[in-house]
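Dumped target39.cif below, it's mmCIF, C-alpha atoms:
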data_coords
#
loop_
_atom_site.label_atom_id
_atom_site.label_comp_id
_atom_site.auth_asym_id
_atom_site.auth_seq_id
_atom_site.Cartn_x
_atom_site.Cartn_y
_atom_site.Cartn_z
CA MET A 1 -117.32 -126.60 114.20
CA SER A 2 -120.34 -124.54 115.30
CA VAL A 3 -123.19 -125.99 117.39
CA PRO A 4 -126.04 -126.56 114.92
CA THR A 5 -129.51 -125.20 115.66
CA THR A 6 -131.23 -126.45 112.51
CA GLN A 7 -131.17 -129.68 110.54
CA GLU A 8 -129.52 -127.83 107.64
CA GLU A 9 -126.64 -126.61 109.81
CA ALA A 10 -126.24 -130.07 111.34
CA LEU A 11 -126.21 -131.61 107.87
CA GLU A 12 -123.56 -129.15 106.74
CA ASN A 13 -121.35 -130.11 109.73
CA THR A 14 -121.90 -133.80 108.92
CA ILE A 15 -120.89 -133.37 105.29
CA ASP A 16 -117.77 -131.41 106.32
CA GLU A 17 -116.74 -134.17 108.73
CA LEU A 18 -117.33 -136.82 106.07
CA LYS A 19 -115.08 -134.90 103.67
CA ARG A 20 -112.31 -134.94 106.29
CA ALA A 21 -112.80 -138.68 106.88
CA ASP A 22 -112.73 -139.20 103.10
CA HIS A 23 -109.40 -137.39 102.81
CA LEU A 24 -107.88 -139.24 105.75
CA PHE A 25 -108.95 -142.61 104.34
CA TYR A 26 -108.36 -142.18 100.61
CA VAL A 27 -105.31 -139.93 100.67
CA SER A 28 -103.45 -140.02 103.96
CA LEU A 29 -103.99 -143.62 105.07
CA LYS A 30 -103.36 -144.99 101.58
CA TYR A 31 -100.16 -142.95 101.44
CA THR A 32 -98.77 -143.39 104.95
CA ARG A 33 -100.12 -146.87 105.88
CA THR A 34 -99.52 -146.33 109.58
CA VAL A 35 -101.61 -147.30 112.58
CA ASP A 36 -101.77 -143.76 113.92
CA MET A 37 -103.49 -142.80 110.65
CA ILE A 38 -105.99 -145.67 111.17
CA LYS A 39 -106.66 -144.11 114.59
CA HIS A 40 -107.21 -140.68 113.00
CA VAL A 41 -109.67 -142.20 110.49
CA ILE A 42 -111.57 -143.87 113.36
CA GLU A 43 -111.70 -140.56 115.26
CA ARG A 44 -113.09 -138.82 112.19
CA LEU A 45 -115.68 -141.58 111.61
CA ILE A 46 -116.77 -141.14 115.25
CA SER A 47 -117.33 -137.41 114.75
CA THR A 48 -119.06 -137.98 111.38
CA ASN A 49 -121.47 -140.50 112.90
CA GLU A 50 -122.10 -138.23 115.90
CA CYS A 51 -122.90 -135.30 113.60
CA ALA A 52 -125.13 -137.54 111.46
CA ILE A 53 -127.06 -138.70 114.54
CA GLU A 54 -127.51 -135.08 115.60
CA THR A 55 -128.83 -134.22 112.13
CA MET A 56 -131.33 -137.08 112.25
CA LEU A 57 -132.56 -135.89 115.65
CA HIS A 58 -133.03 -132.34 114.29
CA TYR A 59 -135.04 -133.93 111.51
CA ALA A 60 -137.09 -135.86 114.10
CA LYS A 61 -137.67 -132.62 116.01
CA GLY A 62 -138.96 -131.00 112.81
CA LYS A 63 -141.37 -133.93 112.44
CA LYS A 64 -142.50 -133.44 116.09
CA LEU A 65 -141.22 -136.88 117.09
CA ILE A 66 -139.09 -135.36 119.87
CA GLU A 67 -139.16 -132.05 121.75
CA GLU A 68 -135.46 -131.27 122.02
CA VAL A 69 -132.12 -132.51 120.71
CA PRO A 70 -130.02 -133.52 123.76
CA THR A 71 -126.72 -131.71 124.34
CA THR A 72 -124.48 -134.77 124.83
CA SER A 73 -123.52 -137.47 122.35
CA ALA A 74 -124.48 -140.32 124.71
CA LEU A 75 -127.99 -138.96 125.26
CA ARG A 76 -128.42 -138.33 121.53
CA ALA A 77 -127.46 -141.92 120.73
CA GLU A 78 -129.87 -143.22 123.37
CA LEU A 79 -132.71 -141.09 122.01
CA LEU A 80 -132.10 -142.07 118.37
CA LYS A 81 -132.27 -145.73 119.37
CA LYS A 82 -135.72 -145.13 120.90
CA VAL A 83 -137.14 -142.87 118.19
CA TYR A 84 -136.04 -144.99 115.21
CA PRO A 85 -135.93 -148.59 116.53
CA ASN A 86 -136.60 -150.08 113.09
CA ASP A 87 -134.42 -147.82 110.99
CA MET A 88 -131.64 -150.02 109.61
CA TYR A 89 -129.26 -147.13 108.87
CA ALA A 90 -129.67 -145.53 112.29
CA GLN A 91 -129.23 -148.81 114.18
CA GLU A 92 -126.18 -149.74 112.12
CA SER A 93 -124.61 -146.35 112.77
CA LEU A 94 -125.21 -146.73 116.52
CA ASN A 95 -123.60 -150.19 116.54
CA MET A 96 -120.64 -148.90 114.57
CA LEU A 97 -120.27 -145.91 116.88
CA ALA A 98 -120.28 -148.21 119.93
CA LEU A 99 -117.44 -150.24 118.40
CA PHE A 100 -115.44 -147.10 117.50
CA LEU A 101 -115.76 -145.76 121.04
CA LYS A 102 -114.42 -149.08 122.37
CA LEU A 103 -111.55 -148.90 119.87
CA ARG A 104 -110.76 -145.34 120.98
CA ARG A 105 -110.22 -146.60 124.56
CA ALA A 106 -108.49 -149.84 123.60
CA LYS A 107 -104.80 -150.63 123.96
CA TYR A 108 -103.38 -151.42 120.56
CA ALA A 109 -100.37 -152.69 118.68
CA ALA A 110 -99.23 -152.20 115.09
CA ARG A 111 -98.50 -154.86 112.46
CA GLU A 112 -97.06 -154.42 108.97
CA GLU A 113 -96.80 -150.63 109.08
CA PHE A 114 -95.89 -149.00 105.73
CA ARG A 115 -97.37 -152.01 103.91
CA ARG A 116 -100.70 -152.70 102.22
CA HIS A 117 -101.84 -154.93 105.10
CA VAL A 118 -101.10 -152.50 107.91
CA THR A 119 -103.16 -153.63 110.90
CA MET A 120 -104.22 -152.09 114.18
CA ILE A 121 -104.57 -154.91 116.71
CA ALA A 122 -106.82 -153.56 119.45
CA THR A 123 -107.53 -155.27 122.76
CA LEU A 124 -110.92 -154.07 123.98
CA ASP A 125 -111.83 -153.70 127.68
CA SER A 126 -113.62 -157.07 127.39
CA LYS A 127 -110.23 -158.59 126.31
CA GLU A 128 -111.69 -159.26 122.85
CA ILE A 129 -109.11 -158.66 120.12
CA VAL A 130 -110.20 -156.68 117.07
CA GLU A 131 -108.07 -156.25 113.97
CA ILE A 132 -108.60 -153.11 111.90
CA LYS A 133 -107.11 -153.12 108.40
CA ILE A 134 -107.52 -150.82 105.41
CA ASP A 135 -110.19 -153.12 103.94
CA ASN A 136 -112.52 -153.36 106.96
CA LEU A 137 -111.97 -149.67 107.74
CA GLY A 138 -113.10 -149.01 104.16
CA GLU A 139 -116.32 -150.93 104.87
CA TYR A 140 -116.95 -148.76 107.95
CA TYR A 141 -116.25 -145.66 105.90
CA HIS A 142 -118.77 -146.74 103.23
CA LYS A 143 -121.43 -147.58 105.83
CA THR A 144 -120.90 -144.12 107.34
CA LYS A 145 -121.17 -142.54 103.89
CA ASP A 146 -124.39 -144.49 103.16
CA PHE A 147 -125.84 -143.23 106.45
CA VAL A 148 -124.92 -139.63 105.61
CA ASP A 149 -126.42 -139.98 102.10
CA TYR A 150 -129.59 -141.43 103.63
CA ILE A 151 -129.91 -138.49 106.06
CA HIS A 152 -129.12 -136.05 103.26
CA ASN A 153 -132.07 -137.45 101.30
CA LEU A 154 -134.34 -137.33 104.37
CA VAL A 155 -133.50 -133.70 105.11
CA GLN A 156 -133.83 -132.69 101.47
CA GLY A 157 -137.19 -134.48 101.35
CA ARG A 158 -136.10 -136.89 98.61
CA ASP A 159 -137.19 -140.02 100.44
CA MET B 1 -82.21 -153.87 120.47
CA SER B 2 -82.41 -156.15 117.45
CA MET B 3 -79.61 -154.92 115.22
CA HIS B 4 -80.39 -153.98 111.65
CA THR B 5 -77.92 -152.66 109.12
CA ALA B 6 -77.26 -148.93 108.78
CA LYS B 7 -79.02 -149.02 105.39
CA GLU B 8 -82.15 -150.60 106.89
CA TYR B 9 -82.26 -148.01 109.66
CA LEU B 10 -81.88 -145.22 107.11
CA GLU B 11 -84.75 -146.64 105.04
CA ARG B 12 -86.97 -146.71 108.12
CA SER B 13 -85.91 -143.18 108.96
CA GLU B 14 -86.80 -141.94 105.46
CA ALA B 15 -90.23 -143.65 105.63
CA ARG B 16 -91.05 -141.93 108.94
CA LEU B 17 -89.82 -138.59 107.59
CA GLN B 18 -92.00 -138.93 104.47
CA THR B 19 -95.01 -139.74 106.66
CA ALA B 20 -94.46 -136.69 108.87
CA TYR B 21 -94.03 -134.54 105.74
CA HIS B 22 -97.30 -135.87 104.29
CA ILE B 23 -99.19 -135.23 107.53
CA LEU B 24 -97.89 -131.67 107.80
CA THR B 25 -98.24 -130.60 104.19
CA ILE B 26 -101.25 -132.56 102.91
CA THR B 27 -103.34 -133.99 105.77
CA TYR B 28 -103.20 -131.17 108.31
CA PRO B 29 -104.16 -128.33 105.90
CA THR B 30 -107.19 -130.37 104.76
CA VAL B 31 -108.37 -131.94 108.00
CA GLN B 32 -107.27 -129.15 110.40
CA SER B 33 -107.04 -131.45 113.41
CA PRO B 34 -104.29 -130.42 115.88
CA ARG B 35 -103.98 -134.05 117.01
CA LEU B 36 -102.29 -134.72 113.68
CA LEU B 37 -99.43 -132.53 114.91
CA LEU B 38 -98.71 -135.03 117.67
CA SER B 39 -98.61 -137.85 115.10
CA ALA B 40 -96.19 -135.84 112.96
CA THR B 41 -94.01 -135.20 116.04
CA GLU B 42 -93.93 -138.92 116.83
CA HIS B 43 -92.93 -139.80 113.26
CA LEU B 44 -90.20 -137.15 113.36
CA PHE B 45 -88.83 -138.50 116.62
CA LEU B 46 -88.75 -142.03 115.18
CA ALA B 47 -87.15 -140.74 111.95
CA MET B 48 -84.34 -139.10 113.92
CA ASP B 49 -83.97 -142.07 116.28
CA TYR B 50 -83.61 -144.48 113.33
CA ALA B 51 -81.07 -142.15 111.71
CA MET B 52 -79.09 -142.08 114.96
CA ASN B 53 -79.23 -145.90 115.09
CA ALA B 54 -77.91 -146.04 111.53
CA ILE B 55 -74.89 -143.97 112.58
CA LEU B 56 -74.33 -145.99 115.75
CA VAL B 57 -74.47 -149.34 113.95
CA GLN B 58 -72.10 -148.08 111.27
CA GLN B 59 -69.59 -146.70 113.77
CA LEU B 60 -69.80 -149.80 115.94
CA SER B 61 -69.06 -152.03 112.96
CA GLN B 62 -65.92 -149.95 112.33
CA LYS B 63 -64.98 -150.20 116.01
CA ASN B 64 -64.99 -146.42 116.42
CA ILE B 65 -67.22 -146.59 119.51
CA PRO B 66 -67.59 -149.07 122.36
CA LYS B 67 -70.66 -151.31 122.69
CA PHE B 68 -73.70 -149.48 124.02
CA ASN B 69 -76.89 -150.38 125.80
CA ALA B 70 -80.14 -150.66 123.78
CA SER B 71 -81.96 -148.03 125.86
CA PHE B 72 -82.52 -144.57 124.38
CA PRO B 73 -80.46 -142.73 127.07
CA SER B 74 -77.46 -144.99 126.46
CA ARG B 75 -77.65 -144.73 122.65
CA TYR B 76 -78.22 -140.98 122.80
CA ALA B 77 -75.32 -140.42 125.22
CA THR B 78 -72.96 -142.43 123.01
CA PHE B 79 -74.07 -140.54 119.93
CA ARG B 80 -73.97 -137.07 121.54
CA LEU B 81 -70.69 -137.45 123.41
CA LYS B 82 -68.64 -139.51 120.96
CA LEU B 83 -69.99 -138.86 117.47
CA ALA B 84 -72.23 -135.82 116.97
CA ASN B 85 -69.52 -133.14 116.85
CA LYS B 86 -67.07 -135.28 114.94
CA LEU B 87 -69.61 -136.07 112.22
CA GLY B 88 -70.87 -132.49 111.84
CA PHE B 89 -74.34 -132.68 113.42
CA THR B 90 -75.60 -129.31 114.65
CA LYS B 91 -76.18 -128.81 118.37
CA THR B 92 -79.81 -127.81 117.66
CA SER B 93 -80.58 -131.03 115.83
CA VAL B 94 -78.95 -133.21 118.49
CA GLU B 95 -80.90 -131.41 121.21
CA GLN B 96 -84.11 -131.69 119.19
CA LEU B 97 -83.93 -135.49 119.33
CA GLN B 98 -84.06 -135.37 123.14
CA TYR B 99 -86.67 -132.59 123.07
CA LEU B 100 -89.04 -134.58 120.84
CA ARG B 101 -88.68 -137.59 123.12
CA ASN B 102 -89.53 -135.40 126.11
CA ILE B 103 -92.67 -134.12 124.37
CA LEU B 104 -93.84 -137.68 123.67
CA LEU B 105 -93.14 -138.76 127.26
CA GLU B 106 -94.99 -135.68 128.56
CA HIS B 107 -97.92 -136.57 126.34
CA GLN B 108 -98.01 -140.12 127.76
CA LYS B 109 -98.03 -138.80 131.33
CA SER B 110 -100.19 -135.76 130.70
CA PRO B 111 -103.38 -135.56 132.78
CA VAL B 112 -104.90 -132.94 130.43
CA GLU B 113 -104.50 -131.97 126.80
CA PHE B 114 -106.70 -129.78 124.67
CA GLU B 115 -106.92 -128.02 121.31
CA ARG B 116 -106.72 -124.22 121.12
CA ASN B 117 -106.20 -121.86 118.16
CA HIS B 118 -105.26 -124.71 115.81
CA SER B 119 -102.65 -125.97 118.31
CA LEU B 120 -102.47 -128.92 120.67
CA VAL B 121 -101.71 -127.98 124.29
CA ILE B 122 -100.21 -130.69 126.51
CA CYS B 123 -100.32 -129.93 130.25
CA SER B 124 -98.10 -131.64 132.81
CA ASP B 125 -98.80 -132.33 136.50
CA ASP B 126 -96.84 -129.20 137.48
CA TYR B 127 -98.87 -126.93 135.15
CA LYS B 128 -96.13 -126.76 132.53
CA MET B 129 -97.64 -126.44 129.05
CA THR B 130 -96.19 -127.64 125.76
CA VAL B 131 -97.84 -126.16 122.69
CA LEU B 132 -97.60 -127.97 119.36
CA SER B 133 -98.51 -125.70 116.46
CA HIS B 134 -98.17 -126.19 112.72
CA GLU B 135 -95.24 -123.72 112.75
CA SER B 136 -93.36 -125.43 115.58
CA VAL B 137 -93.77 -128.91 114.08
CA SER B 138 -92.72 -127.57 110.66
CA ASP B 139 -89.52 -126.35 112.34
CA PHE B 140 -89.02 -129.84 113.80
CA LEU B 141 -89.44 -131.24 110.29
CA ARG B 142 -86.83 -128.89 108.80
CA ILE B 143 -84.29 -129.77 111.50
CA ALA B 144 -85.06 -133.50 111.25
CA LYS B 145 -84.50 -133.37 107.48
CA ASP B 146 -81.02 -131.85 108.01
CA PHE B 147 -80.25 -134.42 110.70
CA ILE B 148 -81.16 -137.31 108.42
CA ALA B 149 -79.29 -135.82 105.46
CA THR B 150 -76.17 -135.46 107.64
CA SER B 151 -76.58 -139.09 108.77
CA ARG B 152 -76.85 -140.31 105.18
CA ILE B 153 -73.79 -138.34 104.05
CA SER B 154 -71.78 -139.55 107.03
CA ILE B 155 -72.68 -143.19 106.37
CA GLU B 156 -71.94 -142.93 102.65
CA GLU B 157 -68.55 -141.30 103.35
CA SER B 158 -67.73 -143.89 105.96
CA LEU B 159 -68.64 -146.72 103.56
CA SER B 160 -66.54 -145.28 100.74
CA THR B 161 -63.55 -144.77 103.10
CA SER B 162 -63.75 -148.33 104.38
CA SER B 163 -64.02 -149.74 100.84
CA LEU B 164 -60.93 -147.72 99.78
CA SER B 165 -58.91 -148.98 102.72
CA HIS B 166 -59.63 -152.62 101.77
#
Here is a file; write its structure as structure tokens.
Amino acid sequence: MSVPTTQEEALENTIDELKRADHLFYVSLKYTRTVDMIKHVIERLISTNECAIETMLHYAKGKKLIEEVPTTSALRAELLKKVYPNDMYAQESLNMLALFLKLRRAKYAAREEFRRHVTMIATLDSKEIVEIKIDNLGEYYHKTKDFVDYIHNLVQGRD
Amino acid sequence: MSMHTAKEYLERSEARLQTAYHILTITYPTVQSPRLLLSATEHLFLAMDYAMNAILVQQLSQKNIPKFNASFPSRYATFRLKLANKLGFTKTSVEQLQYLRNILLEHQKSPVEFERNHSLVICSDDYKMTVLSHESVSDFLRIAKDFIATSRISIEESLSTSSLSH
């Protein structure tokens, strides 16, 4: 994936990442029903949300709301929080991304692999236990897709 | 080790093999993430390990081998030394089982791993590098398929022989 310099390039990267997440969720996870595939979907949702945040910041730069798009994901997330404090989609994406990053680090166990109710049981650093199943992962996927659609409309000037 | 029947182990083995096949032929070409190759390798190791367990359980029930420990080294040694040749497993496939396990252990201990040229590179503490590419994992898949097919044939033959003798 190339480093985007314009909002159009960033949007293109975001859409490509979403397509990969879509395939992992609708084809591979539904077929394999394994926890490692849940992990791959989470990884892809992380990169989709990160690309989407980058796109929104390029858009903000075009609107002269910021001077530069930061080079690291953490700084980009921080900046988006400040620039769009009341944007429901942006804030929801940031919250979701924070959870995904905790899940990436978490120790986890598998339950009911190869079955419809395959579950990743993650123990976060805070000792909180989070269960990720196909259904709640689907909700995260749809929220990510809504965020990407929203940015797509912003960039294309349809909002 | 909680003992299942040879049939149950073979079913688990087939499920893992199917998953690895799906990852390599459908998911990887679309998503192009080298980390998927590690997942496929893990499924292939489990597929071969379950197939080996199926053989061990079957042979133990027929009193062809002594009791063995549940650990992988003990099960693998029993299989390799007492059964593999006799049942027609190729040397390459028997060695691959150990090799895949070593890759997964290296990955667990690895201080650094990175993606390069569509491959996943796993580095060890002593600068040894293991490269997982689509080609190498596809070779693992081919060998694992043969290994599991040989296991199935061996178990079916052994079942038919024992039913004839009764």
Give one line per residue of chain A that approaches chain B to at most 12 Å, naming the two atoms of the closest pair and their distance in Å to one decimal, counting only C-alpha atoms; sort by chain then ascending residue number and deliver it as JSON lines.
{"residue": "A:Met1", "atom": "CA", "partner": "B:Gln32", "partner_atom": "CA", "distance": 11.0}
{"residue": "A:Asp16", "atom": "CA", "partner": "B:Val31", "partner_atom": "CA", "distance": 9.6}
{"residue": "A:Glu17", "atom": "CA", "partner": "B:Val31", "partner_atom": "CA", "distance": 8.7}
{"residue": "A:Leu18", "atom": "CA", "partner": "B:Val31", "partner_atom": "CA", "distance": 10.4}
{"residue": "A:Lys19", "atom": "CA", "partner": "B:Val31", "partner_atom": "CA", "distance": 8.5}
{"residue": "A:Arg20", "atom": "CA", "partner": "B:Val31", "partner_atom": "CA", "distance": 5.2}
{"residue": "A:Ala21", "atom": "CA", "partner": "B:Val31", "partner_atom": "CA", "distance": 8.1}
{"residue": "A:Asp22", "atom": "CA", "partner": "B:Val31", "partner_atom": "CA", "distance": 9.8}
{"residue": "A:His23", "atom": "CA", "partner": "B:Thr27", "partner_atom": "CA", "distance": 7.6}
{"residue": "A:Leu24", "atom": "CA", "partner": "B:Thr27", "partner_atom": "CA", "distance": 6.9}
{"residue": "A:Phe25", "atom": "CA", "partner": "B:Thr27", "partner_atom": "CA", "distance": 10.4}
{"residue": "A:Tyr26", "atom": "CA", "partner": "B:Thr27", "partner_atom": "CA", "distance": 10.9}
{"residue": "A:Val27", "atom": "CA", "partner": "B:Thr27", "partner_atom": "CA", "distance": 8.1}
{"residue": "A:Ser28", "atom": "CA", "partner": "B:Thr27", "partner_atom": "CA", "distance": 6.3}
{"residue": "A:Leu29", "atom": "CA", "partner": "B:Thr27", "partner_atom": "CA", "distance": 9.7}
{"residue": "A:Lys30", "atom": "CA", "partner": "B:Thr19", "partner_atom": "CA", "distance": 11.1}
{"residue": "A:Tyr31", "atom": "CA", "partner": "B:Thr19", "partner_atom": "CA", "distance": 8.0}
{"residue": "A:Thr32", "atom": "CA", "partner": "B:Thr19", "partner_atom": "CA", "distance": 5.5}
{"residue": "A:Arg33", "atom": "CA", "partner": "B:Thr19", "partner_atom": "CA", "distance": 8.8}
{"residue": "A:Thr34", "atom": "CA", "partner": "B:Thr19", "partner_atom": "CA", "distance": 8.5}
{"residue": "A:Val35", "atom": "CA", "partner": "B:Ser39", "partner_atom": "CA", "distance": 10.2}
{"residue": "A:Asp36", "atom": "CA", "partner": "B:Ser39", "partner_atom": "CA", "distance": 6.8}
{"residue": "A:Met37", "atom": "CA", "partner": "B:Ser39", "partner_atom": "CA", "distance": 8.3}
{"residue": "A:Ile38", "atom": "CA", "partner": "B:Ser39", "partner_atom": "CA", "distance": 11.4}
{"residue": "A:Lys39", "atom": "CA", "partner": "B:Ser39", "partner_atom": "CA", "distance": 10.2}
{"residue": "A:His40", "atom": "CA", "partner": "B:Leu36", "partner_atom": "CA", "distance": 7.8}
{"residue": "A:Val41", "atom": "CA", "partner": "B:Val31", "partner_atom": "CA", "distance": 10.6}
{"residue": "A:Glu43", "atom": "CA", "partner": "B:Arg35", "partner_atom": "CA", "distance": 10.2}
{"residue": "A:Arg44", "atom": "CA", "partner": "B:Val31", "partner_atom": "CA", "distance": 9.3}
{"residue": "A:Ser47", "atom": "CA", "partner": "B:Ser33", "partner_atom": "CA", "distance": 12.0}
{"residue": "A:Glu113", "atom": "CA", "partner": "B:Ala15", "partner_atom": "CA", "distance": 10.2}
{"residue": "A:Phe114", "atom": "CA", "partner": "B:Ala15", "partner_atom": "CA", "distance": 7.8}
{"residue": "A:Arg115", "atom": "CA", "partner": "B:Ala15", "partner_atom": "CA", "distance": 11.1}
Selection: 12 Å around Tyr99 of chain B, all atoms listed in the file, excl. self and same-chain fewer than 6 positions, as a PyMOL selection string: chain B and resi 41-42+44-45+48-49+76+92-93+105-106+130+140+144
Two-atom distance - atom CA of Glu78 of chain A, atom CA of Leu99 of chain A (Å):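 Computing it gives 15.1 Å between the two atoms.
If you measure from each of B:Ile65, B:Leu60, B:Leu10, B:Leu132 to Ser151 of chain B using only C-alpha atoms, the closest one turns out to be B:Leu10.
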As lines of an AutoDock Vina configuration file, please report the centre and edge lengths, rounded to one decimal in Å, of the axis-aligned box that holds all listed atoms of segment 77-82 of chain A with 3 Å of padding on each of the six sides.
center_x = -131.6
center_y = -143.4
center_z = 120.9
size_x = 14.3
size_y = 10.6
size_z = 11.0
Pick from B:Ala47, B:Met3, B:Leu24, B:Cys123 nearest to Phe68 of chain B, counting all atoms listed in the file: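 Closest to Phe68 of chain B of all the choices is B:Met3.
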Separation of atom CA of Asp139 of chain B from atom CA of Gln96 of chain B in Å: 10.2 Å
For segment 2-15 of chain A: contacts at 10 Å, all atoms listed in the file, fewer than 4 positions along chain excluded, given as number ranges by chain: A: 19-21, 47-62, 69, 71, 145, 148-149, 151-152, 155-156
Go ahead and write the residues just picked, C-alpha atoms, as a PDB file, keeping the file's coordinate frame.
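Result file follows (again_31.pdb):
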ATOM      1  CA  LYS A  19    -115.080-134.900 103.670  1.00  0.00           C
ATOM      2  CA  ARG A  20    -112.310-134.940 106.290  1.00  0.00           C
ATOM      3  CA  ALA A  21    -112.800-138.680 106.880  1.00  0.00           C
ATOM      4  CA  SER A  47    -117.330-137.410 114.750  1.00  0.00           C
ATOM      5  CA  THR A  48    -119.060-137.980 111.380  1.00  0.00           C
ATOM      6  CA  ASN A  49    -121.470-140.500 112.900  1.00  0.00           C
ATOM      7  CA  GLU A  50    -122.100-138.230 115.900  1.00  0.00           C
ATOM      8  CA  CYS A  51    -122.900-135.300 113.600  1.00  0.00           C
ATOM      9  CA  ALA A  52    -125.130-137.540 111.460  1.00  0.00           C
ATOM     10  CA  ILE A  53    -127.060-138.700 114.540  1.00  0.00           C
ATOM     11  CA  GLU A  54    -127.510-135.080 115.600  1.00  0.00           C
ATOM     12  CA  THR A  55    -128.830-134.220 112.130  1.00  0.00           C
ATOM     13  CA  MET A  56    -131.330-137.080 112.250  1.00  0.00           C
ATOM     14  CA  LEU A  57    -132.560-135.890 115.650  1.00  0.00           C
ATOM     15  CA  HIS A  58    -133.030-132.340 114.290  1.00  0.00           C
ATOM     16  CA  TYR A  59    -135.040-133.930 111.510  1.00  0.00           C
ATOM     17  CA  ALA A  60    -137.090-135.860 114.100  1.00  0.00           C
ATOM     18  CA  LYS A  61    -137.670-132.620 116.010  1.00  0.00           C
ATOM     19  CA  GLY A  62    -138.960-131.000 112.810  1.00  0.00           C
ATOM     20  CA  VAL A  69    -132.120-132.510 120.710  1.00  0.00           C
ATOM     21  CA  THR A  71    -126.720-131.710 124.340  1.00  0.00           C
ATOM     22  CA  LYS A 145    -121.170-142.540 103.890  1.00  0.00           C
ATOM     23  CA  VAL A 148    -124.920-139.630 105.610  1.00  0.00           C
ATOM     24  CA  ASP A 149    -126.420-139.980 102.100  1.00  0.00           C
ATOM     25  CA  ILE A 151    -129.910-138.490 106.060  1.00  0.00           C
ATOM     26  CA  HIS A 152    -129.120-136.050 103.260  1.00  0.00           C
ATOM     27  CA  VAL A 155    -133.500-133.700 105.110  1.00  0.00           C
ATOM     28  CA  GLN A 156    -133.830-132.690 101.470  1.00  0.00           C
TER      29      GLN A 156
END
Interatomic distance (Å, one decimal) between atom CA of Ser154 of chain B and atom CA of Leu37 of chain B: 29.6 Å
